[in-house]
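So this one's entry_35.pdb, PDB, C-alpha atoms:
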```
ATOM      1  CA  MET A  29     110.190 142.293 134.231  1.00  0.00           C
ATOM      2  CA  LYS A  30     111.483 139.119 135.811  1.00  0.00           C
ATOM      3  CA  PHE A  31     111.044 135.639 134.359  1.00  0.00           C
ATOM      4  CA  SER A  32     110.649 132.606 136.573  1.00  0.00           C
ATOM      5  CA  LYS A  33     112.577 129.423 135.922  1.00  0.00           C
ATOM      6  CA  THR A  34     109.375 127.641 134.968  1.00  0.00           C
ATOM      7  CA  SER A  35     108.422 130.177 132.284  1.00  0.00           C
ATOM      8  CA  VAL A  36     111.947 130.104 130.796  1.00  0.00           C
ATOM      9  CA  ALA A  37     111.890 126.286 130.748  1.00  0.00           C
ATOM     10  CA  LEU A  38     108.455 126.288 129.091  1.00  0.00           C
ATOM     11  CA  LEU A  39     109.669 128.776 126.470  1.00  0.00           C
ATOM     12  CA  LEU A  40     112.716 126.619 125.685  1.00  0.00           C
ATOM     13  CA  ILE A  41     110.546 123.501 125.348  1.00  0.00           C
ATOM     14  CA  GLN A  42     108.194 125.276 122.933  1.00  0.00           C
ATOM     15  CA  LEU A  43     111.110 126.597 120.875  1.00  0.00           C
ATOM     16  CA  ALA A  44     112.609 123.101 120.718  1.00  0.00           C
ATOM     17  CA  LEU A  45     109.291 121.620 119.497  1.00  0.00           C
ATOM     18  CA  VAL A  46     108.801 124.231 116.772  1.00  0.00           C
ATOM     19  CA  SER A  47     112.464 124.009 115.717  1.00  0.00           C
ATOM     20  CA  SER A  48     112.260 120.210 115.417  1.00  0.00           C
ATOM     21  CA  ILE A  49     109.236 120.463 113.099  1.00  0.00           C
ATOM     22  CA  VAL A  50     110.945 123.100 110.951  1.00  0.00           C
ATOM     23  CA  ALA A  51     114.132 120.992 110.817  1.00  0.00           C
ATOM     24  CA  LYS A  52     112.118 117.908 109.774  1.00  0.00           C
ATOM     25  CA  TYR A  53     110.392 119.789 106.926  1.00  0.00           C
ATOM     26  CA  LEU A  54     113.641 121.356 105.721  1.00  0.00           C
ATOM     27  CA  TYR A  55     115.389 117.973 105.821  1.00  0.00           C
ATOM     28  CA  GLN A  56     112.564 116.345 103.829  1.00  0.00           C
ATOM     29  CA  ARG A  57     112.650 119.189 101.300  1.00  0.00           C
ATOM     30  CA  VAL A  58     116.340 118.461 100.651  1.00  0.00           C
ATOM     31  CA  VAL A  59     116.232 114.649 100.787  1.00  0.00           C
ATOM     32  CA  CYS A  60     112.786 113.591  99.503  1.00  0.00           C
ATOM     33  CA  PRO A  61     112.068 113.379  95.763  1.00  0.00           C
ATOM     34  CA  ARG A  62     110.418 116.308  94.003  1.00  0.00           C
ATOM     35  CA  VAL A  63     108.022 116.394  91.087  1.00  0.00           C
ATOM     36  CA  TRP A  64     105.831 118.877  89.227  1.00  0.00           C
ATOM     37  CA  ALA A  65     102.130 117.984  89.347  1.00  0.00           C
ATOM     38  CA  HIS A  66      99.171 119.521  87.569  1.00  0.00           C
ATOM     39  CA  ALA A  67      96.887 121.239  90.079  1.00  0.00           C
ATOM     40  CA  VAL A  68      93.369 122.589  90.175  1.00  0.00           C
ATOM     41  CA  SER A  69      92.775 125.535  92.483  1.00  0.00           C
ATOM     42  CA  TYR A  70      89.478 125.960  94.264  1.00  0.00           C
ATOM     43  CA  ASP A  71      88.155 128.052  97.104  1.00  0.00           C
ATOM     44  CA  ARG A  72      87.284 126.333 100.341  1.00  0.00           C
ATOM     45  CA  THR A  73      86.852 127.379 103.930  1.00  0.00           C
ATOM     46  CA  LEU A  74      89.362 126.642 106.614  1.00  0.00           C
ATOM     47  CA  SER A  75      88.993 127.395 110.290  1.00  0.00           C
ATOM     48  CA  MET A  76      92.411 129.043 110.282  1.00  0.00           C
ATOM     49  CA  ARG A  77      92.737 132.438 108.687  1.00  0.00           C
ATOM     50  CA  GLY A  78      95.252 133.572 106.106  1.00  0.00           C
ATOM     51  CA  ARG A  79      95.797 133.717 102.378  1.00  0.00           C
ATOM     52  CA  TYR A  80      96.198 130.367 100.712  1.00  0.00           C
ATOM     53  CA  LEU A  81      95.314 128.470  97.580  1.00  0.00           C
ATOM     54  CA  GLY A  82      93.568 125.140  98.021  1.00  0.00           C
ATOM     55  CA  LEU A  83      95.139 122.867  95.389  1.00  0.00           C
ATOM     56  CA  GLN A  84      93.887 119.480  94.286  1.00  0.00           C
ATOM     57  CA  LEU A  85      96.740 117.552  92.677  1.00  0.00           C
ATOM     58  CA  THR A  86      96.324 115.376  89.605  1.00  0.00           C
ATOM     59  CA  VAL A  87      97.962 111.948  89.768  1.00  0.00           C
ATOM     60  CA  ASP A  88      98.560 109.219  87.206  1.00  0.00           C
ATOM     61  CA  GLY A  89      96.685 106.034  88.095  1.00  0.00           C
ATOM     62  CA  CYS A  90      97.175 104.101  84.850  1.00  0.00           C
ATOM     63  CA  GLN A  91      99.405 101.519  86.566  1.00  0.00           C
ATOM     64  CA  SER A  92      96.726 100.901  89.152  1.00  0.00           C
ATOM     65  CA  THR A  93      93.280  99.371  89.043  1.00  0.00           C
ATOM     66  CA  LEU A  94      90.020 100.696  90.398  1.00  0.00           C
ATOM     67  CA  PRO A  95      88.245  98.745  93.176  1.00  0.00           C
ATOM     68  CA  SER A  96      85.688  97.332  90.718  1.00  0.00           C
ATOM     69  CA  ALA A  97      86.035  96.338  87.062  1.00  0.00           C
ATOM     70  CA  PHE A  98      82.533  97.740  86.467  1.00  0.00           C
ATOM     71  CA  ASP A  99      83.906 101.265  87.043  1.00  0.00           C
ATOM     72  CA  VAL A 100      86.400 101.026  84.167  1.00  0.00           C
ATOM     73  CA  ARG A 101      86.110 101.506  80.412  1.00  0.00           C
ATOM     74  CA  PHE A 102      89.085 100.348  78.324  1.00  0.00           C
ATOM     75  CA  PRO A 103      89.685 101.782  74.860  1.00  0.00           C
ATOM     76  CA  ARG A 104      89.158  99.189  72.158  1.00  0.00           C
ATOM     77  CA  ASN A 105      90.745  98.462  68.809  1.00  0.00           C
ATOM     78  CA  ILE A 106      88.679  98.094  65.655  1.00  0.00           C
ATOM     79  CA  ASP A 107      88.494  94.312  66.177  1.00  0.00           C
ATOM     80  CA  GLY A 108      87.049  94.788  69.696  1.00  0.00           C
ATOM     81  CA  THR A 109      90.156  93.868  71.683  1.00  0.00           C
ATOM     82  CA  THR A 110      91.215  96.194  74.473  1.00  0.00           C
ATOM     83  CA  ARG A 111      94.317  98.342  74.251  1.00  0.00           C
ATOM     84  CA  PRO A 112      96.869  97.600  76.960  1.00  0.00           C
ATOM     85  CA  ASN A 113      97.525 101.142  78.171  1.00  0.00           C
ATOM     86  CA  GLY A 114      95.049 103.441  79.831  1.00  0.00           C
ATOM     87  CA  TYR A 115      91.422 103.405  80.825  1.00  0.00           C
ATOM     88  CA  SER A 116      88.691 105.861  81.693  1.00  0.00           C
ATOM     89  CA  VAL A 117      86.239 105.952  84.578  1.00  0.00           C
ATOM     90  CA  ALA A 118      82.812 104.602  83.605  1.00  0.00           C
ATOM     91  CA  SER A 119      81.098 104.996  86.970  1.00  0.00           C
ATOM     92  CA  PRO A 120      78.391 107.687  87.286  1.00  0.00           C
ATOM     93  CA  GLN A 121      79.725 108.468  90.782  1.00  0.00           C
ATOM     94  CA  PRO A 122      83.290 109.368  91.811  1.00  0.00           C
ATOM     95  CA  VAL A 123      85.282 106.261  92.716  1.00  0.00           C
ATOM     96  CA  LYS A 124      87.507 106.672  95.786  1.00  0.00           C
ATOM     97  CA  PHE A 125      90.313 104.402  96.914  1.00  0.00           C
ATOM     98  CA  ARG A 126      93.441 104.425  99.072  1.00  0.00           C
ATOM     99  CA  ALA A 127      96.754 104.606  97.260  1.00  0.00           C
ATOM    100  CA  ASN A 128     100.458 104.968  97.822  1.00  0.00           C
ATOM    101  CA  LEU A 129     102.174 107.756  95.927  1.00  0.00           C
ATOM    102  CA  LYS A 130     105.480 107.475  94.132  1.00  0.00           C
ATOM    103  CA  ILE A 131     107.365 109.291  91.414  1.00  0.00           C
ATOM    104  CA  GLN A 132     107.968 107.580  88.060  1.00  0.00           C
ATOM    105  CA  ASN A 133     109.102 109.225  84.826  1.00  0.00           C
ATOM    106  CA  ASN A 134     108.659 112.717  86.350  1.00  0.00           C
ATOM    107  CA  LYS A 135     105.019 111.985  87.212  1.00  0.00           C
ATOM    108  CA  LEU A 136     103.176 111.666  90.494  1.00  0.00           C
ATOM    109  CA  VAL A 137     101.803 108.106  90.338  1.00  0.00           C
ATOM    110  CA  ALA A 138      99.100 106.519  92.531  1.00  0.00           C
ATOM    111  CA  ILE A 139      99.186 102.765  93.182  1.00  0.00           C
ATOM    112  CA  ARG A 140      95.974 101.430  94.751  1.00  0.00           C
ATOM    113  CA  ILE A 141      96.285  99.723  98.124  1.00  0.00           C
ATOM    114  CA  PRO A 142      94.162  96.537  98.281  1.00  0.00           C
ATOM    115  CA  GLU A 143      91.314  96.661 100.804  1.00  0.00           C
ATOM    116  CA  ALA A 144      92.796  93.658 102.635  1.00  0.00           C
ATOM    117  CA  ASP A 145      95.982  95.606 103.461  1.00  0.00           C
ATOM    118  CA  LEU A 146      95.153  97.312 106.748  1.00  0.00           C
ATOM    119  CA  ARG A 147      98.741  98.334 107.575  1.00  0.00           C
ATOM    120  CA  SER A 148      99.221 100.905 104.814  1.00  0.00           C
ATOM    121  CA  THR A 149      97.437 104.193 105.282  1.00  0.00           C
ATOM    122  CA  GLY A 150      98.221 105.938 101.996  1.00  0.00           C
ATOM    123  CA  VAL A 151      96.195 108.849 100.639  1.00  0.00           C
ATOM    124  CA  MET A 152      92.680 108.927  99.207  1.00  0.00           C
ATOM    125  CA  VAL A 153      92.412 109.229  95.422  1.00  0.00           C
ATOM    126  CA  ALA A 154      89.221 110.190  93.593  1.00  0.00           C
ATOM    127  CA  ALA A 155      88.503 109.009  90.061  1.00  0.00           C
ATOM    128  CA  LEU A 156      85.909 111.386  88.661  1.00  0.00           C
ATOM    129  CA  PRO A 157      83.299 110.126  86.160  1.00  0.00           C
ATOM    130  CA  GLY A 158      84.597 110.261  82.591  1.00  0.00           C
ATOM    131  CA  SER A 159      88.178 111.117  83.569  1.00  0.00           C
ATOM    132  CA  SER A 160      91.105 109.233  82.096  1.00  0.00           C
ATOM    133  CA  CYS A 161      93.427 107.162  84.265  1.00  0.00           C
ATOM    134  CA  ASP A 162      96.191 109.783  84.100  1.00  0.00           C
ATOM    135  CA  ALA A 163      93.892 112.505  85.483  1.00  0.00           C
ATOM    136  CA  LEU A 164      92.867 111.106  88.870  1.00  0.00           C
ATOM    137  CA  ARG A 165      92.870 113.566  91.779  1.00  0.00           C
ATOM    138  CA  LEU A 166      94.028 113.458  95.365  1.00  0.00           C
ATOM    139  CA  GLU A 167      90.942 113.829  97.536  1.00  0.00           C
ATOM    140  CA  THR A 168      92.716 115.796 100.256  1.00  0.00           C
ATOM    141  CA  PRO A 169      93.936 119.121  98.894  1.00  0.00           C
ATOM    142  CA  VAL A 170      97.277 120.691  99.702  1.00  0.00           C
ATOM    143  CA  ASP A 171      97.387 124.294 100.835  1.00  0.00           C
ATOM    144  CA  PHE A 172      99.844 126.762  99.336  1.00  0.00           C
ATOM    145  CA  TYR A 173     100.179 129.795 101.595  1.00  0.00           C
ATOM    146  CA  ILE A 174     100.904 133.160 100.014  1.00  0.00           C
ATOM    147  CA  ALA A 175     101.748 136.654 101.219  1.00  0.00           C
ATOM    148  CA  GLU A 176      98.901 138.895 102.346  1.00  0.00           C
ATOM    149  CA  HIS A 177      99.355 141.516  99.618  1.00  0.00           C
ATOM    150  CA  ALA A 178     100.202 139.148  96.748  1.00  0.00           C
ATOM    151  CA  THR A 179      98.045 139.257  93.650  1.00  0.00           C
ATOM    152  CA  ILE A 180      96.430 135.965  92.725  1.00  0.00           C
ATOM    153  CA  MET A 181      95.803 135.145  89.077  1.00  0.00           C
ATOM    154  CA  THR A 182      92.308 133.685  89.245  1.00  0.00           C
ATOM    155  CA  PRO A 183      90.504 132.505  87.271  1.00  0.00           C
ATOM    156  CA  LEU A 184      92.930 131.060  84.747  1.00  0.00           C
ATOM    157  CA  LYS A 185      92.563 132.063  81.121  1.00  0.00           C
ATOM    158  CA  PRO A 186      91.887 129.440  78.422  1.00  0.00           C
ATOM    159  CA  GLY A 187      95.090 127.545  77.603  1.00  0.00           C
ATOM    160  CA  GLN A 188      96.634 128.162  81.043  1.00  0.00           C
ATOM    161  CA  GLU A 189      97.389 125.403  83.547  1.00  0.00           C
ATOM    162  CA  LEU A 190      98.489 125.648  87.161  1.00  0.00           C
ATOM    163  CA  TRP A 191     101.382 123.387  88.183  1.00  0.00           C
ATOM    164  CA  VAL A 192     102.903 122.917  91.623  1.00  0.00           C
ATOM    165  CA  GLU A 193     106.265 121.460  92.592  1.00  0.00           C
ATOM    166  CA  VAL A 194     105.884 119.130  95.556  1.00  0.00           C
ATOM    167  CA  THR A 195     108.110 116.990  97.721  1.00  0.00           C
ATOM    168  CA  LEU A 196     106.928 113.471  98.410  1.00  0.00           C
ATOM    169  CA  PRO A 197     107.619 112.614 102.076  1.00  0.00           C
ATOM    170  CA  PRO A 198     107.789 108.972 103.225  1.00  0.00           C
ATOM    171  CA  GLN A 199     104.313 109.293 104.773  1.00  0.00           C
ATOM    172  CA  GLY A 200     101.475 111.721 104.306  1.00  0.00           C
ATOM    173  CA  PRO A 201     100.390 113.972 101.473  1.00  0.00           C
ATOM    174  CA  PRO A 202     102.771 115.819  99.151  1.00  0.00           C
ATOM    175  CA  ARG A 203     104.069 119.177 100.387  1.00  0.00           C
ATOM    176  CA  PRO A 204     104.008 122.149  97.989  1.00  0.00           C
ATOM    177  CA  ILE A 205     107.189 124.128  97.284  1.00  0.00           C
ATOM    178  CA  GLN A 206     106.424 126.496  94.423  1.00  0.00           C
ATOM    179  CA  LEU A 207     103.845 127.246  91.741  1.00  0.00           C
ATOM    180  CA  ALA A 208     104.203 127.704  88.004  1.00  0.00           C
ATOM    181  CA  LEU A 209     101.838 128.724  85.256  1.00  0.00           C
ATOM    182  CA  LYS A 210     101.917 126.827  81.976  1.00  0.00           C
ATOM    183  CA  ASP A 211     100.650 129.139  79.271  1.00  0.00           C
ATOM    184  CA  ASP A 212     100.537 127.638  75.750  1.00  0.00           C
ATOM    185  CA  GLY A 213     103.543 125.412  76.493  1.00  0.00           C
ATOM    186  CA  ALA A 214     105.659 128.112  78.186  1.00  0.00           C
ATOM    187  CA  TRP A 215     106.448 127.735  81.896  1.00  0.00           C
ATOM    188  CA  ARG A 216     106.503 130.745  84.165  1.00  0.00           C
ATOM    189  CA  PRO A 217     107.260 130.356  87.895  1.00  0.00           C
ATOM    190  CA  LEU A 218     104.889 132.351  90.077  1.00  0.00           C
ATOM    191  CA  ALA A 219     106.501 134.391  92.835  1.00  0.00           C
ATOM    192  CA  PHE A 220     104.007 135.726  95.382  1.00  0.00           C
ATOM    193  CA  GLN A 221     105.939 138.596  96.932  1.00  0.00           C
TER     194      GLN A 221
END
```
For the file at hand, write its structure as structure tokens.
Amino acid sequence: MKFSKTSVALLLIQLALVSSIVAKYLYQRVVCPRVWAHAVSYDRTLSMRGRYLGLQLTVDGCQSTLPSAFDVRFPRNIDGTTRPNGYSVASPQPVKFRANLKIQNNKLVAIRIPEADLRSTGVMVAALPGSSCDALRLETPVDFYIAEHATIMTPLKPGQELWVEVTLPPQGPPRPIQLALKDDGAWRPLAFQ
């Protein structure tokens, strides 16, 4: 078998492209901040095949505001005044807005981007009806790929929570690193081997 110069050059170009993407992700995994976020796993269909968990991450939006004051319900004191921290979603429909993500006090925090700001892309956050401000969800799920023969613990038992450690790159959604199961306050990392 003899390779032409063109096919060898094309192979080297493809290897360089794939290597640059891998190097970028490895660099961001080392440099970018990490945080554990509560996740909800659900089954969805992707055009690509393979074993994965679709994870919707929970973010804290208490430092942010929703697009409309009519969508918010603030807790009140006995005298009728509002309490300064926290709110819940009063809208009958999910409220969606663009937000920038950051890490504060070991939490993944969403700060709403005003509609007038067209430069920032951010990520879409969904505030579900009746949810509290610290339980907003990222609309776009992250995929956690697992080995073909790994056993998946689904559904979760009562008292169990699924957590995922993510890196927060400068742009784009968080990238998952590892999973853990919180069972009655005890953490157990999940290794899918």
Kindly extract all protein, DNA and RNA residues lying within 10 Å of the coordinates (102.2, 110.0, 82.7) given in the file, considering only C-alpha atoms, and supply them as an mmCIF file with C-alpha atoms, keeping the file's coordinate frame.
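Result written to result.cif:
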```cif
data_model
loop_
_atom_site.group_PDB
_atom_site.id
_atom_site.type_symbol
_atom_site.label_atom_id
_atom_site.label_comp_id
_atom_site.auth_asym_id
_atom_site.auth_seq_id
_atom_site.Cartn_x
_atom_site.Cartn_y
_atom_site.Cartn_z
ATOM 1 C CA VAL A 87 97.962 111.948 89.768
ATOM 2 C CA ASP A 88 98.560 109.219 87.206
ATOM 3 C CA GLY A 89 96.685 106.034 88.095
ATOM 4 C CA CYS A 90 97.175 104.101 84.850
ATOM 5 C CA GLN A 91 99.405 101.519 86.566
ATOM 6 C CA GLN A 132 107.968 107.580 88.060
ATOM 7 C CA ASN A 133 109.102 109.225 84.826
ATOM 8 C CA ASN A 134 108.659 112.717 86.350
ATOM 9 C CA LYS A 135 105.019 111.985 87.212
ATOM 10 C CA LEU A 136 103.176 111.666 90.494
ATOM 11 C CA VAL A 137 101.803 108.106 90.338
ATOM 12 C CA CYS A 161 93.427 107.162 84.265
ATOM 13 C CA ASP A 162 96.191 109.783 84.100
ATOM 14 C CA ALA A 163 93.892 112.505 85.483
#
```
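In this structure, atom CA of Leu81 of chain A sits 11.0 Å away from atom CA of Ala175 of chain A.
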Just how far from atom CA of Val58 of chain A is atom CA of Leu207 of chain A, in Å to one decimal?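 The value is 17.7 Å.
Of the listed residues (A:Ala127, A:Leu218, A:Ala65, A:Ile139), A:Ala127 comes nearest to Met152 of chain A; the distances count all atoms listed in the file.
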Return the single residue from A:Thr86, A:Ser32, A:Thr195, A:Ser159 that is closest to Gly114 of chain A, with distances computed using all atoms listed in the file.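 Answer, going by the shortest atom-to-atom distance: A:Ser159.
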Residues within 8 Å of Trp191 of chain A, only C-alpha atoms, excluding chain neighbours under 6 positions, as a PyMOL selection string: chain A and resi 64-67+207-210
Could you write out that same residue set with C-alpha atoms as a PDB file, keeping the file's coordinate frame?
```pdb
ATOM      1  CA  TRP A  64     105.831 118.877  89.227  1.00  0.00           C
ATOM      2  CA  ALA A  65     102.130 117.984  89.347  1.00  0.00           C
ATOM      3  CA  HIS A  66      99.171 119.521  87.569  1.00  0.00           C
ATOM      4  CA  ALA A  67      96.887 121.239  90.079  1.00  0.00           C
ATOM      5  CA  LEU A 207     103.845 127.246  91.741  1.00  0.00           C
ATOM      6  CA  ALA A 208     104.203 127.704  88.004  1.00  0.00           C
ATOM      7  CA  LEU A 209     101.838 128.724  85.256  1.00  0.00           C
ATOM      8  CA  LYS A 210     101.917 126.827  81.976  1.00  0.00           C
TER       9      LYS A 210
END
```
As a check of understanding, name the residues that the PyMOL selection byres ((chain A and resi 56) around 12) selects in the supplied structure, as JSON, numbers by chain. {"A": [49, 50, 51, 52, 53, 54, 55, 57, 58, 59, 60, 61, 62, 194, 195, 196, 197, 198, 199, 202, 203, 204, 205]}
Keeping only C-alpha atoms, write the selected residues to a file as an mmCIF file, in the frame of the given file.
```cif
data_model
loop_
_atom_site.group_PDB
_atom_site.id
_atom_site.type_symbol
_atom_site.label_atom_id
_atom_site.label_comp_id
_atom_site.auth_asym_id
_atom_site.auth_seq_id
_atom_site.Cartn_x
_atom_site.Cartn_y
_atom_site.Cartn_z
ATOM 1 C CA ILE A 49 109.236 120.463 113.099
ATOM 2 C CA VAL A 50 110.945 123.100 110.951
ATOM 3 C CA ALA A 51 114.132 120.992 110.817
ATOM 4 C CA LYS A 52 112.118 117.908 109.774
ATOM 5 C CA TYR A 53 110.392 119.789 106.926
ATOM 6 C CA LEU A 54 113.641 121.356 105.721
ATOM 7 C CA TYR A 55 115.389 117.973 105.821
ATOM 8 C CA ARG A 57 112.650 119.189 101.300
ATOM 9 C CA VAL A 58 116.340 118.461 100.651
ATOM 10 C CA VAL A 59 116.232 114.649 100.787
ATOM 11 C CA CYS A 60 112.786 113.591 99.503
ATOM 12 C CA PRO A 61 112.068 113.379 95.763
ATOM 13 C CA ARG A 62 110.418 116.308 94.003
ATOM 14 C CA VAL A 194 105.884 119.130 95.556
ATOM 15 C CA THR A 195 108.110 116.990 97.721
ATOM 16 C CA LEU A 196 106.928 113.471 98.410
ATOM 17 C CA PRO A 197 107.619 112.614 102.076
ATOM 18 C CA PRO A 198 107.789 108.972 103.225
ATOM 19 C CA GLN A 199 104.313 109.293 104.773
ATOM 20 C CA PRO A 202 102.771 115.819 99.151
ATOM 21 C CA ARG A 203 104.069 119.177 100.387
ATOM 22 C CA PRO A 204 104.008 122.149 97.989
ATOM 23 C CA ILE A 205 107.189 124.128 97.284
#
```
Correct to one decimal, the distance atom CA of Glu193 of chain A-atom CA of Gly82 of chain A is 14.3 Å
Residues in the PyMOL selection byres ((chain A and resi 69) around 10), expressed as a compact mmCIF listing (two decimals) with C-alpha atoms, in the coordinates of the input:
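For reference, expr03.txt as written:
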```txt
# COMPACT_ATOMS: atom_id res chain seq x y z
CA ALA A 67 96.89 121.24 90.08
CA VAL A 68 93.37 122.59 90.18
CA TYR A 70 89.48 125.96 94.26
CA ASP A 71 88.16 128.05 97.10
CA ARG A 72 87.28 126.33 100.34
CA LEU A 81 95.31 128.47 97.58
CA GLY A 82 93.57 125.14 98.02
CA LEU A 83 95.14 122.87 95.39
CA GLN A 84 93.89 119.48 94.29
CA LEU A 85 96.74 117.55 92.68
CA PRO A 169 93.94 119.12 98.89
CA VAL A 170 97.28 120.69 99.70
CA ASP A 171 97.39 124.29 100.84
CA PHE A 172 99.84 126.76 99.34
CA THR A 182 92.31 133.68 89.24
CA PRO A 183 90.50 132.50 87.27
CA LEU A 184 92.93 131.06 84.75
CA LEU A 190 98.49 125.65 87.16
CA TRP A 191 101.38 123.39 88.18
```
List the residues matched by the PyMOL selection byres ((chain A and resi 123) around 8) in the displayed structure as a PyMOL selection string, ordered by chain and then by residue number. chain A and resi 94+99+119+121-122+124-125+154-157
Determine, counting all atoms listed in the file, every residue of protein, DNA or RNA that lies within 7 Å of (96.9, 132.9, 101.6) in the file coordinates, then give the result as an MDAnalysis selection string. chainID A and resid 78:81 173:176
As lines of an AutoDock Vina configuration file: centre and edge lengths in Å, one decimal, of the axis-aligned box holding segment 159-168 of chain A with 8 Å per side:
```
center_x = 92.2
center_y = 111.5
center_z = 91.2
size_x = 24.0
size_y = 24.6
size_z = 34.2
```
Of the listed residues A:Ala37, A:Leu166, A:Val192, A:Val117, that which approaches Pro217 of chain A most closely, counting all atoms listed in the file: A:Val192
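Checking A:Val46, A:Ala118, A:Ala219, A:Val36 one by one against Ser96 of chain A, counting all atoms listed in the file, you find the shortest gap at A:Ala118.
Closest approach to Arg216 of chain A from the set A:Thr168, A:Pro201, A:Gln188, A:Phe102 is made by A:Gln188, with distances taken over all atoms listed in the file.
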Near-Asn128 of chain A list (7 Å; all atoms listed in the file; drop same-chain fewer than 6 positions) as a list in words: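 Close residues of Asn128 of chain A: Ala138, Ile139, Arg140, Ile141, Gly150 and Val151 of chain A.
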For the residues in that selection, give me C-alpha atoms as a CSV table (one decimal), keeping the file's coordinate frame.
```csv
chain,number,residue,atom,x,y,z
A,138,ALA,CA,99.1,106.5,92.5
A,139,ILE,CA,99.2,102.8,93.2
A,140,ARG,CA,96.0,101.4,94.8
A,141,ILE,CA,96.3,99.7,98.1
A,150,GLY,CA,98.2,105.9,102.0
A,151,VAL,CA,96.2,108.8,100.6
```
